[in-house]
$ cat my_file-v3.cif   # mmCIF, C-alpha atoms
data_my_file
loop_
_atom_site.label_atom_id
_atom_site.label_comp_id
_atom_site.auth_asym_id
_atom_site.auth_seq_id
_atom_site.Cartn_x
_atom_site.Cartn_y
_atom_site.Cartn_z
CA MET H 1 -29.81 -13.01 64.67
CA ILE H 2 -33.20 -11.51 63.77
CA TYR H 3 -34.05 -9.43 60.73
CA ALA H 4 -37.24 -7.62 59.72
CA SER H 5 -37.72 -6.58 56.11
CA GLN H 6 -40.22 -4.01 54.77
CA LEU H 7 -42.86 -4.60 57.43
CA ARG H 8 -46.30 -3.12 56.90
CA VAL H 9 -49.17 -3.36 59.39
CA THR H 10 -52.50 -1.61 58.75
CA ARG H 11 -55.34 -1.17 61.21
CA GLY H 12 -58.48 0.84 60.58
CA GLY H 13 -57.09 2.21 57.34
CA ARG H 14 -53.97 3.57 59.05
CA ASN H 15 -50.46 2.23 58.58
CA LEU H 16 -49.09 1.34 62.02
CA LEU H 17 -45.87 0.20 60.32
CA ASP H 18 -44.90 1.30 56.84
CA GLY H 19 -41.84 -0.24 55.21
CA VAL H 20 -39.89 -0.88 58.42
CA SER H 21 -36.65 -2.87 58.14
CA LEU H 22 -34.20 -3.52 60.99
CA SER H 23 -32.02 -6.18 62.54
CA ALA H 24 -30.70 -7.16 65.96
CA ARG H 25 -27.49 -9.08 66.50
CA ALA H 26 -26.44 -11.55 69.17
CA GLY H 27 -24.80 -9.76 72.07
CA GLU H 28 -26.63 -6.51 71.32
CA THR H 29 -29.24 -4.42 73.11
CA LEU H 30 -31.50 -2.58 70.66
CA ALA H 31 -33.87 0.12 71.91
CA ILE H 32 -36.98 1.12 69.99
CA LEU H 33 -38.04 4.72 70.70
CA GLY H 34 -40.67 7.06 69.37
CA PRO H 35 -43.72 9.16 70.29
CA ASN H 36 -47.01 7.61 71.33
CA GLY H 37 -48.61 5.91 68.35
CA ALA H 38 -45.33 5.63 66.44
CA GLY H 39 -45.70 1.83 66.11
CA LYS H 40 -43.19 0.68 68.75
CA SER H 41 -45.26 -2.04 70.43
CA THR H 42 -46.66 -3.18 67.08
CA LEU H 43 -43.13 -3.62 65.76
CA LEU H 44 -42.13 -5.60 68.84
CA LYS H 45 -45.14 -7.91 68.50
CA VAL H 46 -44.44 -8.54 64.82
CA MET H 47 -40.78 -9.36 65.51
CA ALA H 48 -41.78 -11.65 68.38
CA GLY H 49 -44.17 -13.54 66.11
CA GLU H 50 -47.38 -12.36 67.82
CA PHE H 51 -48.64 -10.31 64.84
CA VAL H 52 -48.47 -11.31 61.18
CA PRO H 53 -47.79 -8.25 59.00
CA GLU H 54 -49.74 -7.50 55.84
CA ALA H 55 -46.42 -7.21 54.02
CA GLY H 56 -42.80 -7.94 54.78
CA GLU H 57 -41.14 -10.73 56.70
CA VAL H 58 -39.27 -11.45 59.90
CA ALA H 59 -36.47 -14.03 59.83
CA LEU H 60 -34.79 -15.53 62.88
CA CYS H 61 -31.37 -17.09 62.22
CA GLY H 62 -32.12 -17.02 58.51
CA ARG H 63 -35.49 -18.79 58.81
CA PRO H 64 -38.81 -16.94 58.41
CA LEU H 65 -40.80 -16.92 61.64
CA ALA H 66 -43.59 -18.73 59.80
CA HIS H 67 -41.25 -21.75 59.51
CA TRP H 68 -40.69 -21.97 63.26
CA GLN H 69 -42.84 -24.31 65.33
CA PRO H 70 -44.54 -22.53 68.27
CA LEU H 71 -42.74 -24.64 70.88
CA GLU H 72 -39.40 -24.12 69.17
CA LEU H 73 -40.00 -20.37 69.10
CA ALA H 74 -41.09 -20.33 72.75
CA ARG H 75 -37.81 -21.99 73.71
CA THR H 76 -35.85 -19.34 71.82
CA ARG H 77 -37.48 -16.03 72.64
CA ALA H 78 -39.32 -14.56 75.62
CA VAL H 79 -41.57 -11.51 75.75
CA MET H 80 -42.17 -9.20 78.69
CA ARG H 81 -45.40 -7.37 77.86
CA GLN H 82 -46.63 -4.02 79.14
CA ASP H 83 -49.58 -5.54 81.01
CA THR H 84 -50.10 -9.12 82.08
CA HIS H 85 -53.29 -9.80 84.04
CA LEU H 86 -53.56 -12.91 86.19
CA GLU H 87 -56.61 -13.16 88.39
CA PHE H 88 -55.85 -16.55 89.93
CA ALA H 89 -53.89 -16.55 93.16
CA PHE H 90 -50.66 -17.97 91.77
CA SER H 91 -47.61 -17.26 93.88
CA ALA H 92 -44.92 -15.10 92.33
CA ARG H 93 -42.66 -18.16 92.11
CA GLU H 94 -45.36 -20.10 90.24
CA VAL H 95 -45.71 -17.22 87.76
CA VAL H 96 -41.97 -17.27 87.09
CA MET H 97 -42.16 -21.03 86.57
CA MET H 98 -44.56 -20.39 83.68
CA GLY H 99 -41.50 -19.24 81.77
CA ARG H 100 -40.04 -22.73 82.08
CA TYR H 101 -43.04 -24.59 80.61
CA PRO H 102 -41.71 -24.62 77.00
CA HIS H 103 -38.65 -26.49 78.30
CA CYS H 104 -40.53 -29.08 80.35
CA GLU H 105 -41.09 -32.35 78.55
CA ARG H 106 -43.71 -33.80 80.91
CA HIS H 107 -43.09 -32.19 84.27
CA THR H 108 -40.91 -29.61 85.93
CA THR H 109 -37.54 -30.70 87.21
CA ALA H 110 -35.31 -29.61 90.05
CA ARG H 111 -33.20 -27.77 87.48
CA ASP H 112 -36.26 -25.82 86.33
CA TRP H 113 -36.93 -24.70 89.89
CA ASP H 114 -33.27 -23.78 90.33
CA ILE H 115 -33.48 -21.58 87.22
CA VAL H 116 -36.66 -19.98 88.57
CA ASP H 117 -34.91 -19.14 91.82
CA GLU H 118 -31.84 -17.81 90.01
CA ALA H 119 -33.98 -15.65 87.74
CA MET H 120 -35.94 -14.29 90.70
CA ALA H 121 -32.75 -13.46 92.55
CA ALA H 122 -31.38 -11.68 89.48
CA ALA H 123 -34.59 -9.67 89.12
CA ASP H 124 -34.67 -8.78 92.84
CA THR H 125 -37.87 -10.73 93.44
CA ALA H 126 -36.66 -13.65 95.60
CA HIS H 127 -38.35 -12.11 98.65
CA LEU H 128 -41.67 -12.12 96.76
CA ALA H 129 -41.59 -15.85 95.94
CA ALA H 130 -44.44 -16.92 98.24
CA ARG H 131 -46.55 -13.78 97.77
CA SER H 132 -49.83 -13.93 95.84
CA TYR H 133 -49.19 -12.41 92.42
CA PRO H 134 -52.51 -10.47 92.18
CA ARG H 135 -51.70 -8.75 95.49
CA LEU H 136 -48.35 -7.40 94.34
CA SER H 137 -47.83 -3.76 93.44
CA GLY H 138 -47.48 -2.74 89.81
CA GLY H 139 -43.71 -2.50 90.10
CA GLU H 140 -43.44 -5.86 91.86
CA LYS H 141 -45.55 -7.50 89.14
CA ALA H 142 -43.31 -6.00 86.48
CA ARG H 143 -40.19 -7.42 88.13
CA VAL H 144 -41.83 -10.85 88.48
CA GLN H 145 -42.74 -10.77 84.79
CA PHE H 146 -39.16 -9.86 83.97
CA ALA H 147 -38.00 -12.86 86.03
CA ARG H 148 -40.48 -15.06 84.13
CA ALA H 149 -39.05 -13.89 80.80
CA LEU H 150 -35.51 -14.47 82.06
CA ALA H 151 -36.40 -18.00 83.19
CA GLN H 152 -37.73 -18.76 79.70
CA VAL H 153 -34.42 -17.89 78.00
CA TRP H 154 -32.01 -18.60 80.83
CA PRO H 155 -28.36 -19.11 79.77
CA GLY H 156 -27.57 -22.71 78.94
CA ASP H 157 -31.01 -23.67 77.60
CA THR H 158 -30.72 -22.97 73.92
CA ASP H 159 -28.88 -20.84 71.42
CA PRO H 160 -29.77 -18.30 70.12
CA ARG H 161 -31.85 -16.45 72.70
CA LEU H 162 -33.91 -13.29 72.29
CA LEU H 163 -35.50 -11.16 74.98
CA PHE H 164 -38.27 -8.74 73.98
CA LEU H 165 -39.15 -6.06 76.52
CA ASP H 166 -42.21 -3.86 75.94
CA GLU H 167 -41.89 -0.73 78.11
CA PRO H 168 -40.31 -2.79 80.92
CA THR H 169 -39.47 0.18 83.16
CA ALA H 170 -42.86 1.95 83.10
CA ALA H 171 -43.93 0.77 86.58
CA LEU H 172 -40.47 0.67 88.18
CA ASP H 173 -38.68 3.05 90.49
CA ILE H 174 -35.35 4.50 89.41
CA THR H 175 -33.28 1.82 91.13
CA HIS H 176 -35.12 -1.04 89.46
CA GLN H 177 -35.18 0.70 86.07
CA HIS H 178 -31.39 0.69 86.03
CA GLY H 179 -31.24 -2.78 87.55
CA LEU H 180 -33.50 -4.33 84.93
CA LEU H 181 -31.85 -2.74 81.92
CA GLY H 182 -28.36 -3.29 83.30
CA LEU H 183 -29.09 -6.97 83.84
CA ALA H 184 -30.60 -7.35 80.36
CA ARG H 185 -27.61 -5.71 78.74
CA GLY H 186 -25.20 -7.75 80.85
CA LEU H 187 -26.87 -11.00 79.78
CA SER H 188 -26.82 -9.95 76.14
CA ARG H 189 -23.10 -9.34 76.26
CA ALA H 190 -22.07 -12.24 78.46
CA HIS H 191 -24.31 -14.90 76.94
CA ARG H 192 -24.91 -13.61 73.40
CA PHE H 193 -28.53 -12.65 73.93
CA ALA H 194 -30.24 -10.24 71.59
CA VAL H 195 -32.34 -7.82 73.63
CA ILE H 196 -34.97 -5.64 71.94
CA ALA H 197 -36.65 -3.13 74.25
CA VAL H 198 -39.36 -0.54 73.69
CA LEU H 199 -38.49 2.45 75.86
CA HIS H 200 -39.74 5.99 76.44
CA ASP H 201 -36.91 7.37 78.56
CA LEU H 202 -34.27 8.82 76.26
CA ASN H 203 -31.54 8.78 78.90
CA LEU H 204 -32.15 5.13 79.77
CA ALA H 205 -31.94 4.28 76.09
CA ALA H 206 -28.74 6.30 75.72
CA ARG H 207 -27.24 4.58 78.77
CA TYR H 208 -28.07 0.94 78.01
CA ALA H 209 -28.69 0.53 74.26
CA ASP H 210 -25.98 -0.36 71.79
CA ARG H 211 -28.19 0.87 68.97
CA ILE H 212 -31.45 2.80 68.76
CA VAL H 213 -34.26 2.66 66.21
CA LEU H 214 -36.37 5.82 66.32
CA LEU H 215 -39.88 5.43 64.93
CA ASP H 216 -42.19 8.21 63.83
CA ARG H 217 -45.68 7.57 62.42
CA GLY H 218 -44.88 3.98 61.53
CA ARG H 219 -41.59 4.65 59.78
CA ILE H 220 -37.96 4.66 60.87
CA ALA H 221 -36.86 8.26 61.38
CA ALA H 222 -33.30 7.35 62.42
CA ALA H 223 -31.25 4.30 63.41
CA GLY H 224 -27.76 3.80 64.79
CA PRO H 225 -25.70 4.34 67.94
CA PRO H 226 -27.35 6.59 70.57
CA VAL H 227 -24.99 9.49 69.90
CA ASP H 228 -25.98 9.50 66.22
CA VAL H 229 -29.73 9.15 66.76
CA LEU H 230 -30.40 11.27 69.84
CA THR H 231 -29.42 14.66 68.43
CA PRO H 232 -31.18 18.00 69.01
CA GLU H 233 -32.23 18.13 65.37
CA GLN H 234 -33.64 14.61 65.34
CA LEU H 235 -35.47 15.01 68.65
CA MET H 236 -37.06 18.25 67.45
CA ALA H 237 -38.16 16.58 64.22
CA THR H 238 -39.56 13.46 65.92
CA TYR H 239 -40.80 14.61 69.33
CA ARG H 240 -41.23 18.36 68.64
CA VAL H 241 -39.18 19.25 71.71
CA ALA H 242 -35.99 21.23 72.18
CA ALA H 243 -33.09 19.19 73.52
CA ASP H 244 -29.61 19.67 74.89
CA CYS H 245 -27.45 16.61 74.21
CA HIS H 246 -23.95 16.34 75.60
CA THR H 247 -21.39 13.64 76.31
CA GLY H 248 -19.85 13.36 79.77
CA PRO H 249 -16.21 12.63 80.60
CA ASP H 250 -16.95 8.90 80.66
CA GLY H 251 -18.41 9.05 77.15
CA GLU H 252 -22.00 8.68 78.36
CA LEU H 253 -24.65 10.65 76.48
CA TRP H 254 -27.06 12.83 78.47
CA ILE H 255 -30.22 14.45 77.12
CA HIS H 256 -32.24 17.28 78.64
CA THR H 257 -35.50 18.16 76.90
CA ARG H 258 -37.82 21.13 77.22
CA ALA H 259 -40.86 22.45 75.43
CA ALA H 260 -40.04 23.99 72.09
CA ALA H 261 -40.26 27.77 71.93
#
$ encode --input "my_file-v3.cif" --output "structure tokens"
Amino acid sequence: MIYASQLRVTRGGRNLLDGVSLSARAGETLAILGPNGAGKSTLLKVMAGEFVPEAGEVALCGRPLAHWQPLELARTRAVMRQDTHLEFAFSAREVVMMGRYPHCERHTTARDWDIVDEAMAAADTAHLAARSYPRLSGGEKARVQFARALAQVWPGDTDPRLLFLDEPTAALDITHQHGLLGLARGLSRAHRFAVIAVLHDLNLAARYADRIVLLDRGRIAAAGPPVDVLTPEQLMATYRVAADCHTGPDGELWIHTRAAA
């Protein structure tokens, strides 16, 4: 569905991305991991069309992103960013409706509002609908932003659909971390989404990602299924931590890390 080839991004004389190539397929959840400063958020922004790399190219459905019209791209992919500041007293429901604007010809329709309500229910934010967005907690804002992104690429609108999530679980409690990633993965499988998520939690990535791309200093250190990427040797090389990695009876991978001796 989306393919990045030999991406290079340089800022202040330092390569944030250096020859990065990867792809994400329809129906797949791809997690991007790596230490702070590895280039994870930069890679997400380039693939979402928000940054133009100095070298390399991103193609969506075989067409370079540069050949997509902004409105066409906005109808195809949604981005949940780390921080979204809104100072005006929009209600949470109005913020989620912002995700529908690329689909509105001249005005919002009853169907748009139905999608907003469905997305809010899915993201466990229906009870926040009338609340002022600036007065919400950090975790509540994150869930509302997730609902906004869902509303933008809601099933039935267009095909293909991509959902970019930049550290979506950072402000969430454990329950909502699993709820958000479980819902994203469920949508990707049921409705042929491609989900690309920047994550820090290794166990969440192991639990919900079909494939993992591990970045280190702007380059891909490893890529593949979680069991192949999240190994003690690779985690020591990338994060400089000791790790115990084992697979449970249900086939789920678990990682326990500790400071290296």
$ axis_aligned_box --input "my_file-v3.cif" --around "stretch 49-56 of chain H" --padding-each-side "5 Å" --output "AutoDock Vina command-line options"
--center_x -46.3 --center_y -10.4 --center_z 60.9 --size_x 16.9 --size_y 16.3 --size_z 23.8
$ residues_around --input "my_file-v3.cif" --residues "H:Val227" --least-positions-apart "6" --cutoff "12 Å" --atoms "all atoms listed in the file" --output "list in words"
Leu202, Asn203, Ala205, Ala206, Arg207, Ala209, Asp210, Arg211, Ile212, Gln234, Leu235, Cys245, His246, Thr247, Gly248, Gly251, Glu252, Leu253, Trp254 and Ile255 of chain H
$ closest_atom_pairs --input "my_file-v3.cif" --of "stretch 132-185 of chain H" --to "stretch 73-77 of chain H" --cutoff "6 Å" --atoms "only C-alpha atoms" --output "tab-separated table"
residue	atom	partner	partner_atom	distance
H:Arg161	CA	H:Thr76	CA	5.0
H:Leu162	CA	H:Arg77	CA	4.5
H:Leu163	CA	H:Arg77	CA	5.8
$ write_last_selection --input "my_file-v3.cif" --atoms "C-alpha atoms" --output "tab-separated table (two decimals), in the coordinates of the input"
chain	number	residue	atom	x	y	z
H	161	ARG	CA	-31.85	-16.45	72.70
H	162	LEU	CA	-33.91	-13.29	72.29
H	163	LEU	CA	-35.50	-11.16	74.98
$ atom_distance --input "my_file-v3.cif" --atom1 "atom CA of H:Ala243" --atom2 "atom CA of H:Gly139"
29.3 Å
$ resolve_selection --input "my_file-v3.cif" --expression "the PyMOL selection byres ((chain H and resi 195) around 7)" --output "compact mmCIF listing (two decimals) with C-alpha atoms, keeping the file's coordinate frame"
# COMPACT_ATOMS: atom_id res chain seq x y z
CA GLU H 28 -26.63 -6.51 71.32
CA THR H 29 -29.24 -4.42 73.11
CA LEU H 30 -31.50 -2.58 70.66
CA LEU H 162 -33.91 -13.29 72.29
CA LEU H 163 -35.50 -11.16 74.98
CA PHE H 164 -38.27 -8.74 73.98
CA ALA H 184 -30.60 -7.35 80.36
CA SER H 188 -26.82 -9.95 76.14
CA PHE H 193 -28.53 -12.65 73.93
CA ALA H 194 -30.24 -10.24 71.59
CA ILE H 196 -34.97 -5.64 71.94
CA ALA H 197 -36.65 -3.13 74.25
$ residues_around --input "my_file-v3.cif" --residues "stretch 100-107 of chain H" --least-positions-apart "2" --cutoff "10 Å" --atoms "all atoms listed in the file" --output "VMD selection string"
chain H and resid 70 to 76 95 to 98 109 112 to 113 115 to 116 148 to 154 157 to 158
$ closest_residue --input "my_file-v3.cif" --among "H:Leu180, H:Ile32, H:Val79, H:Val144" --to "H:Arg131" --atoms "only C-alpha atoms"
H:Val144
$ atom_distance --input "my_file-v3.cif" --atom1 "atom CA of H:Leu183" --atom2 "atom CA of H:Met120"
12.1 Å
$ resolve_selection --input "my_file-v3.cif" --expression "the PyMOL selection byres ((chain H and resi 261) around 8)" --output "PyMOL selection string"
chain H and resi 242+259-260
$ closest_residue --input "my_file-v3.cif" --among "H:Gln6, H:Asn15, H:Gln82, H:Gln177" --to "H:Gly37" --atoms "all atoms listed in the file"
H:Asn15
$ closest_residue --input "my_file-v3.cif" --among "H:Glu87, H:His127, H:Pro35, H:Ile2" --to "H:Met236" --atoms "only C-alpha atoms"
H:Pro35
$ atom_distance --input "my_file-v3.cif" --atom1 "atom CA of H:Ala147" --atom2 "atom CA of H:Ala129"
11.0 Å
$ resolve_selection --input "my_file-v3.cif" --expression "the PyMOL selection byres ((chain H and resi 167) around 7)" --output "compact mmCIF listing (two decimals) with C-alpha atoms, in the frame of the given file"
# COMPACT_ATOMS: atom_id res chain seq x y z
CA GLN H 82 -46.63 -4.02 79.14
CA LEU H 165 -39.15 -6.06 76.52
CA ASP H 166 -42.21 -3.86 75.94
CA PRO H 168 -40.31 -2.79 80.92
CA THR H 169 -39.47 0.18 83.16
CA ALA H 170 -42.86 1.95 83.10
CA ALA H 197 -36.65 -3.13 74.25
CA VAL H 198 -39.36 -0.54 73.69
CA LEU H 199 -38.49 2.45 75.86
$ decode --input "my_file-v3.cif" --residues "stretch 99-184 of chain H" --atoms "C-alpha atoms" --output "short mmCIF file (atom, residue, chain, number, x, y, z; two decimals), in the first residue's frame"
data_model
loop_
_atom_site.label_atom_id
_atom_site.label_comp_id
_atom_site.auth_asym_id
_atom_site.auth_seq_id
_atom_site.Cartn_x
_atom_site.Cartn_y
_atom_site.Cartn_z
CA GLY H 99 -11.57 14.64 10.93
CA ARG H 100 -14.59 14.66 8.63
CA TYR H 101 -13.83 17.99 6.93
CA PRO H 102 -11.89 16.46 3.98
CA HIS H 103 -15.04 14.47 3.14
CA CYS H 104 -17.49 17.37 3.36
CA GLU H 105 -18.27 18.97 0.04
CA ARG H 106 -19.92 22.14 1.36
CA HIS H 107 -21.30 21.26 4.77
CA THR H 108 -21.43 18.41 7.23
CA THR H 109 -24.15 15.84 6.82
CA ALA H 110 -26.08 13.63 9.19
CA ARG H 111 -23.85 10.75 8.06
CA ASP H 112 -20.75 12.73 9.06
CA TRP H 113 -22.15 13.23 12.54
CA ASP H 114 -23.08 9.55 12.74
CA ILE H 115 -19.47 8.64 11.90
CA VAL H 116 -18.23 11.07 14.55
CA ASP H 117 -20.43 9.42 17.16
CA GLU H 118 -19.38 5.93 16.07
CA ALA H 119 -15.70 6.88 16.20
CA MET H 120 -16.11 8.43 19.64
CA ALA H 121 -17.87 5.34 20.93
CA ALA H 122 -15.11 3.13 19.53
CA ALA H 123 -12.45 5.29 21.19
CA ASP H 124 -14.31 5.35 24.53
CA THR H 125 -14.92 9.09 24.34
CA ALA H 126 -18.70 9.28 23.83
CA HIS H 127 -19.15 10.53 27.40
CA LEU H 128 -16.76 13.42 26.64
CA ALA H 129 -18.73 14.69 23.62
CA ALA H 130 -20.01 17.92 25.19
CA ARG H 131 -16.89 18.62 27.27
CA SER H 132 -14.59 21.53 26.39
CA TYR H 133 -11.52 20.07 24.71
CA PRO H 134 -8.94 22.36 26.42
CA ARG H 135 -10.28 21.25 29.82
CA LEU H 136 -9.75 17.55 29.19
CA SER H 137 -6.91 15.61 30.76
CA GLY H 138 -3.93 14.57 28.66
CA GLY H 139 -5.24 11.03 28.30
CA GLU H 140 -8.74 12.23 27.38
CA LYS H 141 -7.31 14.56 24.73
CA ALA H 142 -5.30 11.68 23.28
CA ARG H 143 -8.40 9.50 22.98
CA VAL H 144 -10.35 12.34 21.36
CA GLN H 145 -7.53 12.82 18.86
CA PHE H 146 -7.60 9.11 18.14
CA ALA H 147 -11.35 9.36 17.51
CA ARG H 148 -10.70 12.32 15.17
CA ALA H 149 -8.20 10.26 13.18
CA LEU H 150 -10.62 7.34 13.04
CA ALA H 151 -13.42 9.60 11.79
CA GLN H 152 -11.15 10.80 8.97
CA VAL H 153 -10.56 7.28 7.63
CA TRP H 154 -13.73 5.58 8.80
CA PRO H 155 -14.60 2.32 6.98
CA GLY H 156 -16.71 2.89 3.89
CA ASP H 157 -15.29 6.30 2.95
CA THR H 158 -12.47 5.44 0.62
CA ASP H 159 -10.02 2.72 -0.22
CA PRO H 160 -7.16 2.46 0.62
CA ARG H 161 -6.94 3.90 4.13
CA LEU H 162 -3.88 4.55 6.26
CA LEU H 163 -3.71 5.44 9.93
CA PHE H 164 -0.50 6.99 11.28
CA LEU H 165 -0.11 7.00 15.07
CA ASP H 166 2.78 8.92 16.64
CA GLU H 167 3.30 7.63 20.20
CA PRO H 168 -0.47 7.21 20.64
CA THR H 169 -0.27 5.50 24.05
CA ALA H 170 2.09 7.94 25.81
CA ALA H 171 -0.65 9.68 27.83
CA LEU H 172 -2.96 6.68 28.28
CA ASP H 173 -3.53 4.33 31.17
CA ILE H 174 -2.97 0.62 30.66
CA THR H 175 -6.59 -0.11 29.81
CA HIS H 176 -6.76 2.52 27.09
CA GLN H 177 -3.32 1.61 25.71
CA HIS H 178 -4.59 -1.87 24.93
CA GLY H 179 -7.96 -0.56 23.80
CA LEU H 180 -6.47 1.88 21.30
CA LEU H 181 -3.97 -0.51 19.77
CA GLY H 182 -6.44 -3.39 19.76
CA LEU H 183 -9.00 -1.27 17.94
CA ALA H 184 -6.42 -0.04 15.41
#
